[in-house]
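Undergrad: Below is protein27.cif; it holds mmCIF, C-alpha atoms.
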data_coords
loop_
_atom_site.label_atom_id
_atom_site.label_comp_id
_atom_site.auth_asym_id
_atom_site.auth_seq_id
_atom_site.Cartn_x
_atom_site.Cartn_y
_atom_site.Cartn_z
CA MET A 1 103.07 125.10 114.68
CA GLY A 2 101.15 123.45 117.49
CA LEU A 3 101.61 119.93 116.22
CA VAL A 4 105.38 120.17 116.00
CA GLY A 5 105.58 121.74 119.45
CA GLU A 6 103.41 118.99 120.90
CA THR A 7 105.56 116.30 119.27
CA VAL A 8 108.80 117.79 120.56
CA ASP A 9 107.34 118.08 124.08
CA SER A 10 106.17 114.49 124.11
CA ILE A 11 109.59 113.27 122.92
CA LYS A 12 111.23 115.16 125.79
CA SER A 13 108.97 113.62 128.41
CA ILE A 14 109.53 109.96 127.46
CA GLN A 15 110.36 107.59 130.28
CA ILE A 16 112.32 104.41 129.82
CA ARG A 17 109.55 102.08 130.95
CA GLN A 18 107.00 103.67 128.71
CA LEU A 19 109.41 103.48 125.80
CA LEU A 20 110.04 99.80 126.35
CA THR A 21 106.33 99.04 126.58
CA GLN A 22 105.81 100.88 123.31
CA ALA A 23 108.63 98.95 121.68
CA ILE A 24 107.26 95.62 122.82
CA ARG A 25 103.77 96.52 121.65
CA LEU A 26 105.16 97.45 118.25
CA GLY A 27 107.13 94.22 118.12
CA MET A 28 103.99 92.22 118.88
CA ILE A 29 102.07 93.88 116.06
CA VAL A 30 104.86 93.29 113.57
CA THR A 31 105.32 89.64 114.54
CA SER A 32 101.63 88.82 114.42
CA ALA A 33 101.45 90.36 110.96
CA LEU A 34 104.39 88.19 109.96
CA ILE A 35 102.72 85.08 111.41
CA ILE A 36 99.53 85.73 109.45
CA TRP A 37 101.57 86.33 106.28
CA LYS A 38 103.56 83.12 106.58
CA ALA A 39 100.45 81.10 107.47
CA LEU A 40 98.72 82.35 104.33
CA ILE A 41 101.76 81.41 102.25
CA CYS A 42 101.52 77.90 103.72
CA VAL A 43 97.81 77.63 102.97
CA THR A 44 97.95 78.84 99.39
CA GLY A 45 101.10 76.91 98.58
CA SER A 46 102.72 79.72 96.68
CA ASP A 47 105.82 81.61 97.71
CA SER A 48 104.34 85.00 97.22
CA LEU A 49 100.76 85.57 98.14
CA VAL A 50 99.96 88.47 95.88
CA VAL A 51 101.58 90.04 92.87
CA VAL A 52 101.07 93.52 91.53
CA VAL A 53 100.38 93.82 87.81
CA LEU A 54 103.16 96.00 86.38
CA SER A 55 102.66 95.94 82.62
CA GLU A 56 99.79 96.33 80.20
CA SER A 57 100.26 92.93 78.63
CA MET A 58 97.04 91.51 80.06
CA GLU A 59 94.75 94.43 79.32
CA PRO A 60 91.86 95.03 79.39
CA GLY A 61 91.46 92.34 82.02
CA PHE A 62 94.31 93.32 84.33
CA GLN A 63 95.41 96.92 84.40
CA ARG A 64 98.64 98.25 85.84
CA GLY A 65 98.19 98.58 89.58
CA ASP A 66 95.81 95.67 90.15
CA ILE A 67 96.75 92.92 92.54
CA LEU A 68 96.32 89.21 91.92
CA PHE A 69 95.90 86.54 94.58
CA LEU A 70 97.91 83.42 93.88
CA HIS A 71 97.31 79.80 94.70
CA MET A 72 99.51 76.84 93.82
CA SER A 73 98.18 73.32 93.97
CA LYS A 74 99.49 70.02 92.70
CA ASP A 75 96.83 70.02 89.97
CA PRO A 76 98.29 69.83 86.50
CA ILE A 77 98.73 73.02 84.54
CA ARG A 78 96.12 73.41 81.82
CA ALA A 79 95.54 75.77 78.93
CA GLY A 80 93.75 78.97 79.83
CA GLU A 81 95.09 79.29 83.35
CA ILE A 82 96.72 82.56 84.27
CA VAL A 83 100.10 81.72 85.73
CA VAL A 84 102.83 83.73 87.39
CA PHE A 85 106.35 82.69 86.47
CA ASN A 86 109.95 83.77 86.84
CA ILE A 87 112.45 83.64 84.01
CA ASP A 88 115.93 82.51 85.06
CA GLY A 89 118.02 85.60 85.44
CA ARG A 90 115.14 88.02 85.87
CA ASP A 91 113.63 88.85 89.22
CA ILE A 92 110.34 90.39 88.16
CA PRO A 93 107.57 87.78 87.90
CA ILE A 94 105.44 87.77 84.77
CA VAL A 95 101.70 87.13 84.76
CA HIS A 96 100.44 85.63 81.50
CA ARG A 97 98.02 83.01 80.22
CA VAL A 98 98.94 79.46 79.21
CA ILE A 99 98.17 78.81 75.55
CA MET A 100 99.93 75.51 74.91
CA VAL A 101 100.45 72.44 77.10
CA HIS A 102 102.40 69.28 76.34
CA GLU A 103 102.31 66.89 79.27
CA ARG A 104 104.59 63.90 79.23
CA GLU A 105 103.33 60.40 79.87
CA ASN A 106 104.75 58.98 83.02
CA THR A 107 106.76 61.64 84.71
CA GLY A 108 104.08 64.30 84.72
CA GLU A 109 106.63 66.78 83.44
CA VAL A 110 104.99 69.44 81.39
CA ASP A 111 106.04 71.91 78.68
CA VAL A 112 104.05 75.08 78.69
CA LEU A 113 103.89 78.12 76.41
CA THR A 114 102.42 81.40 77.61
CA LYS A 115 101.21 84.63 76.06
CA GLY A 116 99.88 87.89 77.37
CA ASP A 117 96.31 88.58 76.26
CA ASN A 118 97.27 91.98 74.90
CA ASN A 119 100.53 90.88 73.25
CA PRO A 120 100.57 90.03 69.56
CA GLU A 121 103.14 87.24 69.98
CA ASP A 122 103.70 84.45 72.45
CA ASP A 123 106.30 84.73 75.18
CA ARG A 124 109.20 82.87 73.53
CA LEU A 125 110.95 86.23 73.15
CA LEU A 126 110.79 86.73 76.90
CA TYR A 127 112.11 83.34 77.88
CA ALA A 128 115.84 82.81 78.50
CA LYS A 129 118.02 82.34 75.44
CA GLY A 130 117.36 78.98 73.85
CA GLN A 131 114.42 78.25 76.12
CA LEU A 132 111.31 77.20 74.23
CA TRP A 133 109.04 76.06 77.04
CA LEU A 134 108.29 76.72 80.67
CA ASN A 135 108.31 73.86 83.13
CA ARG A 136 106.52 73.37 86.39
CA HIS A 137 109.38 74.63 88.49
CA HIS A 138 109.29 78.02 86.76
CA ILE A 139 105.69 78.60 87.78
CA MET A 140 105.05 80.26 91.13
CA GLY A 141 101.31 80.13 91.21
CA ARG A 142 98.00 80.48 89.46
CA ALA A 143 96.00 83.69 89.68
CA VAL A 144 92.66 82.94 91.32
CA GLY A 145 91.41 86.30 92.50
CA PHE A 146 91.78 89.92 91.72
CA LEU A 147 91.43 93.37 93.32
CA PRO A 148 91.63 96.52 91.21
CA TYR A 149 93.77 99.59 91.95
CA VAL A 150 95.15 98.44 95.32
CA GLY A 151 98.59 97.78 93.88
CA TRP A 152 99.24 101.42 93.02
CA VAL A 153 100.61 101.91 96.54
CA THR A 154 103.40 99.44 95.81
CA ILE A 155 104.10 100.86 92.37
CA ILE A 156 104.40 104.40 93.72
CA MET A 157 106.67 103.29 96.53
CA THR A 158 108.92 101.39 94.14
CA GLU A 159 109.17 104.07 91.50
CA LYS A 160 109.57 107.02 93.86
CA PRO A 161 111.46 105.68 96.88
CA ILE A 162 111.38 109.07 98.55
CA ILE A 163 107.71 108.49 99.34
CA LYS A 164 108.59 105.23 101.09
CA TYR A 165 111.07 107.08 103.35
CA ILE A 166 108.60 109.88 104.10
CA LEU A 167 105.90 107.35 104.99
CA ILE A 168 108.10 105.27 107.27
CA GLY A 169 109.56 108.38 108.87
CA THR A 170 106.11 109.78 109.64
CA LEU A 171 104.89 106.47 111.02
CA GLY A 172 107.96 106.19 113.24
CA LEU A 173 107.41 109.68 114.57
CA LEU A 174 103.75 108.99 115.29
CA VAL A 175 104.61 105.79 117.16
CA ILE A 176 107.18 107.51 119.34
CA SER A 177 105.04 110.49 120.14
CA SER A 178 101.77 108.73 120.91
CA LYS A 179 100.90 108.39 124.54
CA ASP A 180 98.83 105.20 124.47
CA MET B 1 90.24 111.04 121.73
CA HIS B 2 88.55 113.77 119.80
CA SER B 3 91.43 115.17 117.83
CA PHE B 4 91.43 115.41 114.10
CA GLY B 5 94.06 112.70 113.84
CA TYR B 6 92.06 110.10 115.73
CA ARG B 7 88.89 110.83 113.83
CA ALA B 8 90.62 110.67 110.46
CA ASN B 9 92.26 107.39 111.43
CA ALA B 10 88.98 105.84 112.59
CA LEU B 11 87.20 107.01 109.46
CA LEU B 12 89.87 105.61 107.16
CA THR B 13 89.96 102.24 108.90
CA PHE B 14 86.19 101.97 108.76
CA ALA B 15 86.10 102.94 105.08
CA VAL B 16 88.72 100.37 104.13
CA THR B 17 86.97 97.63 106.10
CA ILE B 18 83.63 98.38 104.48
CA LEU B 19 85.24 98.45 101.02
CA ALA B 20 86.89 95.08 101.58
CA PHE B 21 83.59 93.68 102.81
CA ILE B 22 81.74 94.94 99.74
CA CYS B 23 84.33 93.42 97.41
CA ALA B 24 84.00 90.07 99.18
CA ILE B 25 80.21 90.13 98.94
CA ALA B 26 80.32 91.10 95.25
CA SER B 27 82.60 88.18 94.54
CA PHE B 28 80.47 85.82 96.62
CA SER B 29 77.34 86.79 94.73
CA ASP B 30 78.90 85.35 91.58
CA ASN B 31 78.34 81.88 93.01
CA PHE B 32 74.60 82.27 92.65
CA SER B 33 74.44 82.99 88.94
CA ASN B 34 73.00 80.28 86.68
CA GLN B 35 75.41 79.59 83.89
CA ALA B 36 74.27 77.77 80.77
CA PRO B 37 76.57 78.60 77.90
CA SER B 38 76.45 76.72 74.62
CA ALA B 39 78.82 76.38 71.70
CA GLN B 40 79.38 74.59 68.43
CA ILE B 41 82.47 74.32 66.32
CA GLN B 42 82.58 73.08 62.78
CA ILE B 43 85.76 72.51 60.83
CA LEU B 44 85.15 73.81 57.34
CA ASN B 45 88.46 72.98 55.75
CA ILE B 46 91.94 71.71 56.46
CA ASN B 47 93.92 74.33 54.58
CA TRP B 48 97.26 72.56 54.70
CA PHE B 49 99.04 69.93 56.75
CA GLN B 50 102.82 69.75 56.58
CA LYS B 51 105.93 68.67 58.38
CA GLN B 52 108.14 71.59 59.28
CA PRO B 53 111.89 71.57 58.55
CA HIS B 54 112.72 70.90 62.20
CA GLY B 55 110.46 67.87 62.31
CA ASN B 56 107.23 69.08 63.88
CA ASP B 57 103.84 68.69 62.23
CA GLU B 58 101.79 71.78 61.52
CA VAL B 59 98.15 72.14 60.52
CA SER B 60 96.18 75.10 59.32
CA LEU B 61 92.41 74.85 59.46
CA THR B 62 89.36 77.04 58.99
CA MET B 63 86.66 76.82 61.62
CA ASN B 64 83.12 78.00 62.09
CA ILE B 65 82.60 78.90 65.74
CA THR B 66 79.14 79.57 67.13
CA ALA B 67 78.67 80.33 70.80
CA ASP B 68 76.27 81.86 73.25
CA LEU B 69 78.10 82.94 76.39
CA GLN B 70 75.60 85.55 77.54
CA SER B 71 74.59 83.67 80.68
CA LEU B 72 78.13 83.95 82.05
CA PHE B 73 77.88 87.70 82.53
CA THR B 74 76.92 88.94 86.00
CA TRP B 75 76.92 92.46 87.39
CA ASN B 76 80.42 91.75 88.72
CA THR B 77 81.89 90.72 85.36
CA LYS B 78 84.50 92.85 83.68
CA GLN B 79 85.13 90.65 80.65
CA VAL B 80 85.00 87.05 79.49
CA PHE B 81 88.05 85.61 77.79
CA ALA B 82 87.08 82.79 75.44
CA PHE B 83 89.44 80.53 73.55
CA VAL B 84 89.30 77.37 71.46
CA ALA B 85 91.93 74.70 72.04
CA ALA B 86 92.63 71.42 70.31
CA GLU B 87 93.28 68.53 72.71
CA TYR B 88 94.84 65.25 71.71
CA GLU B 89 97.04 62.46 72.95
CA THR B 90 100.27 61.15 71.48
CA SER B 91 102.55 58.26 72.32
CA LYS B 92 105.02 60.58 74.02
CA ASN B 93 102.60 62.98 75.68
CA THR B 94 99.46 62.04 77.60
CA LEU B 95 97.90 65.41 76.95
CA ASN B 96 98.51 68.13 74.43
CA GLN B 97 96.51 71.33 74.39
CA VAL B 98 97.08 73.86 71.64
CA SER B 99 95.19 77.12 71.65
CA LEU B 100 93.90 77.95 68.18
CA TRP B 101 91.90 81.12 68.65
CA ASP B 102 90.91 83.46 71.42
CA ALA B 103 88.77 86.54 71.94
CA ILE B 104 88.05 89.04 74.66
CA ILE B 105 84.34 89.68 75.16
CA PRO B 106 83.86 92.87 77.12
CA GLU B 107 80.07 93.01 77.13
CA LYS B 108 77.08 90.75 77.34
CA GLU B 109 75.72 91.83 73.95
CA GLU B 110 78.86 90.62 72.19
CA ALA B 111 78.75 87.19 73.83
CA ASN B 112 76.36 85.65 71.33
CA PHE B 113 78.50 85.31 68.24
CA TRP B 114 79.24 83.42 65.06
CA ILE B 115 82.66 83.64 63.48
CA GLN B 116 84.45 81.94 60.62
CA ILE B 117 88.23 82.17 60.72
CA SER B 118 91.39 80.21 60.28
CA ASN B 119 93.43 79.47 63.35
CA LYS B 120 94.93 82.54 64.97
CA TYR B 121 97.78 80.62 66.57
CA ARG B 122 99.84 77.96 64.87
CA PHE B 123 98.80 74.39 65.50
CA ILE B 124 102.21 72.75 65.88
CA ASP B 125 102.86 69.39 67.48
CA GLN B 126 105.87 68.37 69.53
CA GLY B 127 106.92 65.79 66.99
CA HIS B 128 105.19 64.39 63.96
CA ASN B 129 102.26 62.48 65.37
CA LEU B 130 99.32 64.28 63.82
CA ARG B 131 98.52 62.14 60.81
CA GLY B 132 95.14 60.49 61.24
CA LYS B 133 94.91 61.88 64.77
CA ASP B 134 91.57 62.11 66.55
CA PHE B 135 91.23 65.26 68.57
CA ASN B 136 88.77 67.24 70.67
CA LEU B 137 87.99 70.88 70.27
CA THR B 138 87.25 72.62 73.52
CA LEU B 139 85.78 76.06 74.01
CA HIS B 140 87.15 77.47 77.28
CA TRP B 141 85.97 80.59 78.99
CA HIS B 142 87.54 82.59 81.77
CA VAL B 143 85.30 85.05 83.58
CA MET B 144 87.33 87.99 84.86
CA PRO B 145 85.41 89.87 87.55
CA LYS B 146 85.43 93.52 88.51
CA THR B 147 86.65 92.28 91.87
CA GLY B 148 87.22 88.91 93.49
CA LYS B 149 87.39 85.31 92.40
CA MET B 150 87.87 84.32 88.77
CA PHE B 151 85.92 81.42 87.25
CA ALA B 152 86.86 79.19 84.36
CA ASP B 153 85.22 76.23 82.65
CA LYS B 154 84.93 74.61 79.24
CA ILE B 155 82.79 72.67 76.77
CA VAL B 156 84.42 69.67 75.13
CA MET B 157 83.42 68.73 71.58
CA SER B 158 84.86 65.51 70.28
CA GLY B 159 84.86 63.66 67.03
CA TYR B 160 87.32 65.63 64.91
CA ARG B 161 90.02 63.93 62.95
CA LEU B 162 93.06 65.03 60.98
CA PRO B 163 93.72 63.57 57.54
CA ASN B 164 95.97 60.54 57.21
CA ALA B 165 98.44 62.12 54.85
CA TYR B 166 100.17 65.43 54.47
CA ARG B 167 98.73 67.86 51.96
#
Output the file's structure as structure tokens, nothing else.
TA:
Amino acid sequence: MGLVGETVDSIKSIQIRQLLTQAIRLGMIVTSALIIWKALICVTGSDSLVVVVLSESMEPGFQRGDILFLHMSKDPIRAGEIVVFNIDGRDIPIVHRVIMVHERENTGEVDVLTKGDNNPEDDRLLYAKGQLWLNRHHIMGRAVGFLPYVGWVTIIMTEKPIIKYILIGTLGLLVISSKD
Amino acid sequence: MHSFGYRANALLTFAVTILAFICAIASFSDNFSNQAPSAQIQILNINWFQKQPHGNDEVSLTMNITADLQSLFTWNTKQVFAFVAAEYETSKNTLNQVSLWDAIIPEKEEANFWIQISNKYRFIDQGHNLRGKDFNLTLHWHVMPKTGKMFADKIVMSGYRLPNAYR
């Protein structure tokens, strides 16, 4: 096929200087993306900027595959907010709504109970054994914005890793063989 | 410069940029809607009021909830999540919020409603401080958009009081 022949030809004719320029250009793009990412994390105050909705526990509001933008401020946590939290011992964050708040007098420490909109019961079953409440340090951020469907890319890449390898392989090939 | 690859790439980039722009504008337009929701909650009956075996107070009550949330719906609204919470203060906690009932309103027509029910979620205190307690009932709403920024607000209704003795 013409495309394969072209690619093979262009790989054969690579010079060192051109290759290095390409590599540096690629490095610049990757590092500026990283700078923007870290700056946004600083601005929003939360460790992860976006989460992908993985379960149907918040339907019909959030479907599987939607992405949520997070923001974490020092404001106290109040009932009705949609928070993203991690349970000790599990690495997948959960996005549910706060239904109960007990805030202590002087320390500002808070006990919080959450529940998914579509779940019949509150989240005590999901918490670690013996844990009845969430505290502030469990909570990674509040959901403030929402984009539908965009998260499917991440879900597909996580559930079928072969697609991730194909994608990265193709991108690598395109970078090497382009003559810009 | 005129190969299929370049053209497809340019088209895709342009399409994604335009899509992102449209989502941002749709979300921004939500700022211009006039929102004037109203609500009223009446407590019909305190069904029972007991101290649980592990020491926490629990109340069961029947409420009459009337609300008109139609003005919250814009063209960019997917659903409105409404819930009623009881708010009160105790000697140990400066603020307690307990959600008693919630509902998902998917369409504007369903946002003008009247409902009489007992509390969907258990009203349990952290402790046994509820006797004779004054509390507020708040109706919160959370507007979930088709795309973009989510809005939330509430109406606070005060003047409710729990009985002085268990029953």
Undergrad: Measuring between all atoms listed in the file, which one of B:Ile124, B:Cys23, B:Ile43, B:Ala111 shows the shortest distance to Ser99 (chain B)?
TA: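 Selected residue with least distance to Ser99 (chain B): B:Ile124.
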Undergrad: Up to 7 Å from chain A, what residues of chain B turn up? Count all atoms listed in the file and give them as a ChimeraX atom specification.
TA: /B:79,92-99,144,147-150
Undergrad: Work out how far CA of Met157 (chain A) is from CA of Gly169 (chain A), in Å to one decimal.
TA: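 Separating CA of Gly169 (chain A) from CA of Met157 (chain A) is a distance of 13.7 Å.
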Undergrad: Given the file shown, determine the residues that the PyMOL selection byres ((chain A and resi 124) around 12) selects; report them as a ChimeraX atom specification.
TA: /A:87,99-100,112-116,119-123,125-134
Undergrad: Mind pulling up the distance from CA of Glu110 (chain B) to CA of Gly159 (chain B)?
TA: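 Taking CA of Gly159 (chain B) as the start and CA of Glu110 (chain B) as the end point, the length is 28.1 Å.
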Undergrad: Just so the selection is clear, what residues does the PyMOL selection byres ((chain B and resi 55-65) around 10) cover here, as a ChimeraX atom specification?
TA: /B:39-54,66-67,84,100-101,113-131,139,162,166-167
Undergrad: Report the centre and edge lengths, in Å to one decimal, of an axis-aligned box enclosing every atom of region 93-108 of chain B listed in the file, padded by 3 Å on each side, as AutoDock Vina command-line options.
TA:
--center_x 89.8 --center_y 77.5 --center_z 72.9 --size_x 31.5 --size_y 37.0 --size_z 15.4
Undergrad: In the coordinates of the file, take the point (107.4, 115.9, 111.6) and a cut-off of 8 Å; then, counting all atoms listed in the file, name each qualifying protein, DNA or RNA residue as a list of chain:residue names.
TA: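 Output of the proximity query reads A:Val4, A:Thr7, A:Thr170, A:Leu173.
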Undergrad: Care to translate the PyMOL selection byres ((chain B and resi 157) around 7) into actual residues of this file, as an MDAnalysis selection string?
TA: chainID B and resid 136:138 155:156 158:159
Undergrad: Take the residues that were just selected and, keeping C-alpha atoms, output them as a JSON list (two decimals), in the coordinates of the input.
TA:
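Written out: selection07.json:
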[["chain", "number", "residue", "atom", "x", "y", "z"],
["B", 136, "ASN", "CA", 88.77, 67.24, 70.67],
["B", 137, "LEU", "CA", 87.99, 70.88, 70.27],
["B", 138, "THR", "CA", 87.25, 72.62, 73.52],
["B", 155, "ILE", "CA", 82.79, 72.67, 76.77],
["B", 156, "VAL", "CA", 84.42, 69.67, 75.13],
["B", 158, "SER", "CA", 84.86, 65.51, 70.28],
["B", 159, "GLY", "CA", 84.86, 63.66, 67.03]]
Undergrad: What is the distance, in Å and to one decimal place, between CA of Leu26 (chain A) and CA of Ala10 (chain B)?
TA: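 Between CA of Leu26 (chain A) and CA of Ala10 (chain B) the gap works out to 19.1 Å.
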